[in-house]
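All remarks here apply to the structure that follows.
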Amino acid sequence: MTKVRNWQIGRDMEYRFAEAHPDRQLAFVFNTNRCIACQTCTMACKSTWTFSEGQELMWWNNVETKPYGGYPRSWDVRILELLEAANPGGQVWDATARGGPYGVFKGMTVYEAAAAQGKDVAVGYAPTDEEWAAPNVWEDTAAGPPGRPGAYDERGARLPEHAPWFFYLQRVCNHCSYPACLAACPRNAVYKRKEDGIVLIDQARCRGYRKCVEACPYKKPMFRLTTRTSEKCVGCYPRVEGRDALSDGVPMEARCMAGCVGKIRLQGLVKVGADGTWIADRTHPLYFLVHVEKVALPLYPQLGTEPNGYYIPPRWVPRAYLEQMFGPGASDAVDRYRRPSRELLAVLQLFRTTQRMIFRYDIVEGPKVLETTIGGRPWTMYADTVVGFDEKGREAVRLPVVEPFRERPARYLNSI
């Protein structure tokens with residue numbers, strides 16, 4: 001094990017390999033507030049990559065209902081329990097400490113917990129066939145009143161926090177900066193591409209030991225019985241490389257991203273420094289959302305893999321739950337999303353508007369259209385226009401913040 005820098009937890013940590021990072025990193029932001037769980041993303045991935053024999057129960061993209069749902073079942077509860085057992089009472093953040101954007105994580109990562117227990121590279125477990133079998137178990141099941149399972153909650157649902165609550169969590173491989181699957185593979189069959197940071201499994205080297213399945217805390221590598229090898233999300237790398245027939249030679253978003261009905265997804269490539277931190281790029285939409293506005297947060301950053309998937313937390317969920325899942329920045333992120341700045345409101349329009357990845361945005365300012373209060377504070381809205389540009393600097397999309405409204409003339413019959 002060697003020391004590496006994990007900017008998400010604000011400190012150095014133990015990892016199997018020395019510090020090494022790609023030139024650019026594939027990353028994405030999911031806006032959980034918009035998801036309707038239509039599973040179009042899931043089926044876009046399924047129909048492209050996992051439709052063959054032996055892949056029937058393999059869902060590289062899935063959408064699960066929290067707090068109870070999960071694929072495999074209870075994956076996050078299991079890994080959090082393992083870490084708590086390794087470090088009782090010590091899995092805490094110091095949000096006031098200087099080190100990273102969310103403070104400093106004082107507990108143990110999956111790698112440090114394994115080292116403390118004298119185990120393999122990362123703390124983990126192998127899900128059972130039963131846990132893999134039902135990707136939509138507990139769908140749309142809300143958390144009710146504490147201590148009264150199945151009871152109706154008379155308090156109802158009101159902001160800022162609903163009493164009965166649930167939300168949809170969209171999950172794909174995070175193509176982590178410090179992948180547990182890569183660290184755990186005894187065959188070195190798992191590798192991270194230098195050009196875009198996509199994590200892949202070399203099918204010729206894999207022998208199906210399933211160490212990657214056991215080690216990945218997010219449970220995104222999956223074993224295929226017909227080939228006796230493990231497989232995982234490939235990041236739709238032909239599209240990222242710009243080799244898709246529709247790409248015109250520039251990077252495109254993955255199939256799950258491009259198929260999103262709710263417009264919750266934004267994917268791109270970000271420049272990475274030698275220590276793994278993102279190189280400042282003020283007008284890149286992902287950099288703005290993650291590092292400037294800090295409204296998009298990593299999923300379970302305390303696990304230590306430095307995932308490159310980020311989430312805008314749902315604004316109606318109890319803050320304690322969100323802070324456990326997204327770290328101590330969750331409450332501030334919700335507040336910023338609930339009362340967005342002028343620039344944030346414009347950037348949010350870019351989600352799922354073009355299949356081409358957006359590398360830069362510009363905002364054309366418009367007139368003031370609304371003055372109101374949100375959370376007891378004044379808020380102003382402007383009729384701005386946001387413009388997104390592809391890798392070659394060409395305009396890819398142009399969108400108004402205020403969507404046009406057209407009223408059907410009275411002489412036409414209403415078709416409803």
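Ordered as shown in the structure tokens, chains take letters A, B, and onward, while each chain numbers its residues from 1 and ligands are numbered from 1 in the order shown.
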DSSP on the backbone, then: every residue of stretch 190-413 of chain A marked strand (DSSP E or B), written as a ChimeraX atom specification.
/A:190-192,199-201,222-224,229-231,252,265-272,278,297-298,309-312,356,360-364,368-374,377-382,385-389,395-400
Find the residues of stretch 24-119 of chain A that sit at most 8 Å from stretch 325-328 of chain A; for each, write down the nearest two atoms and how far apart they are in Å, to one decimal. Count only C-alpha atoms. Sort by chain, then by number going up, and give it as a tab-separated table.
residue	atom	partner	partner_atom	distance
A:Trp93	CA	A:Pro328	CA	7.2
A:Ala95	CA	A:Pro328	CA	6.2
A:Tyr102	CA	A:Pro328	CA	6.0
A:Gly103	CA	A:Pro328	CA	7.7
Could you check the closest approach to A:Arg98 for each of A:Met222, A:Gly197, A:Pro314, A:Trp7 and tell me which residue wins, using only C-alpha atoms?
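Checking each of A:Met222, A:Gly197, A:Pro314, A:Trp7 against A:Arg98, counting only C-alpha atoms, the winner is A:Trp7.
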Find the residues around A:Glu395 up to 12 Å (only C-alpha atoms counted), leave out those fewer than 3 positions away in its own chain, and share them as a PyMOL selection string.
chain A and resi 354+356-362+386-392+398-399
Write the residues of the preceding selection, restricted to C-alpha atoms, as a compact mmCIF listing (two decimals), in the first residue's frame.
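So the final result, stored in selection35.txt, reads:
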# COMPACT_ATOMS: atom_id res chain seq x y z
CA THR A 354 -27.53 17.40 -26.84
CA ARG A 356 -22.45 15.94 -27.84
CA MET A 357 -20.48 16.53 -24.65
CA ILE A 358 -20.36 20.19 -23.64
CA PHE A 359 -16.87 21.53 -22.89
CA ARG A 360 -17.71 25.20 -22.38
CA TYR A 361 -20.76 27.36 -21.80
CA ASP A 362 -21.58 31.02 -22.20
CA VAL A 386 -27.23 29.62 -22.13
CA VAL A 387 -25.04 28.40 -24.98
CA GLY A 388 -23.07 25.13 -24.89
CA PHE A 389 -20.01 24.39 -27.05
CA ASP A 390 -18.53 21.01 -28.06
CA GLU A 391 -14.87 19.94 -28.00
CA LYS A 392 -14.13 21.78 -31.25
CA ARG A 398 -28.68 27.27 -27.25
CA LEU A 399 -31.44 27.37 -24.65
For A:Ala184, which of A:Pro160, A:Pro135, A:Pro217, A:Gly268 is the closest residue, counting only C-alpha atoms?
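Going through A:Pro160, A:Pro135, A:Pro217, A:Gly268 one by one, the smallest distance to A:Ala184 is for A:Pro217.
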Using DSSP secondary structure from the backbone, list all helix (DSSP H, G or I) positions within stretch 76-139 of chain A, as a PyMOL selection string.
chain A and resi 76-86+110-117+129-132
Length of the atom CA of A:Thr50 to atom CA of A:Lys232 vector [Å]
9.6 Å
What is the atom CA of A:Tyr191 to atom CA of A:Ser47 distance in Å?
25.0 Å
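With distances restricted to only C-alpha atoms, A:Glu231 is the closest residue to A:Trp59 from A:Glu19, A:Glu231, A:Asp202, A:Glu195.
Using only C-alpha atoms, the nearest neighbour of A:Asn6 within the list A:Gln203, A:Arg377, A:Tyr178, A:Thr42 is A:Tyr178.
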For stretch 335-351 of chain A, work out the shell of residues within 10 Å, counting only C-alpha atoms and skipping chain neighbours fewer than 5 positions away, then give it as a VMD selection string.
chain A and resid 29 to 31 33 160 257 to 258 260 262 to 267 283 to 286 288 to 289 292 to 296 312 to 315 330 358 361 to 365 373 to 375 377 to 388 397 to 403
Residue neighbourhood A:Leu82, 9 Å, only C-alpha atoms, exclusion window fewer than 4 positions, as an MDAnalysis selection string
chainID A and resid 77:78 86:87 110 113 123:125
Considering only C-alpha atoms, can you say which of A:Ala27, A:Met13, A:Val104, A:Cys185 comes closest to A:Ala215?
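Smallest distance to A:Ala215 is found for A:Cys185.
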Sorted by chain and rising residue number, which residues of stretch 83-170 of chain A lie within 7 Å of stretch 66-70 of chain A, and what are their closest atom pairs and distances in Å to one decimal, counting only C-alpha atoms, as JSON lines?
{"residue": "A:Pro135", "atom": "CA", "partner": "A:Gly70", "partner_atom": "CA", "distance": 6.8}
{"residue": "A:Asn136", "atom": "CA", "partner": "A:Gly69", "partner_atom": "CA", "distance": 6.9}
{"residue": "A:Val137", "atom": "CA", "partner": "A:Gly69", "partner_atom": "CA", "distance": 5.7}
{"residue": "A:Trp138", "atom": "CA", "partner": "A:Gly69", "partner_atom": "CA", "distance": 5.0}
{"residue": "A:Glu139", "atom": "CA", "partner": "A:Gly69", "partner_atom": "CA", "distance": 6.3}
{"residue": "A:Ala143", "atom": "CA", "partner": "A:Pro67", "partner_atom": "CA", "distance": 6.9}
{"residue": "A:Phe166", "atom": "CA", "partner": "A:Lys66", "partner_atom": "CA", "distance": 5.5}
{"residue": "A:Phe167", "atom": "CA", "partner": "A:Lys66", "partner_atom": "CA", "distance": 5.4}
{"residue": "A:Tyr168", "atom": "CA", "partner": "A:Lys66", "partner_atom": "CA", "distance": 6.1}
{"residue": "A:Leu169", "atom": "CA", "partner": "A:Lys66", "partner_atom": "CA", "distance": 6.7}
Give me a file of those residues, with C-alpha atoms, as a short mmCIF file (atom, residue, chain, number, x, y, z; two decimals), in the first residue's frame.
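Everything below was put into result-v3.cif:
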data_model
loop_
_atom_site.label_atom_id
_atom_site.label_comp_id
_atom_site.auth_asym_id
_atom_site.auth_seq_id
_atom_site.Cartn_x
_atom_site.Cartn_y
_atom_site.Cartn_z
CA PRO A 135 -33.18 -4.72 -9.25
CA ASN A 136 -36.44 -2.85 -8.52
CA VAL A 137 -37.26 -4.27 -5.10
CA TRP A 138 -38.91 -1.68 -2.79
CA GLU A 139 -39.57 0.65 -5.72
CA ALA A 143 -39.92 5.88 4.75
CA PHE A 166 -38.32 8.48 -0.87
CA PHE A 167 -36.22 9.43 -3.88
CA TYR A 168 -34.71 7.80 -6.94
CA LEU A 169 -30.97 7.12 -7.02
#
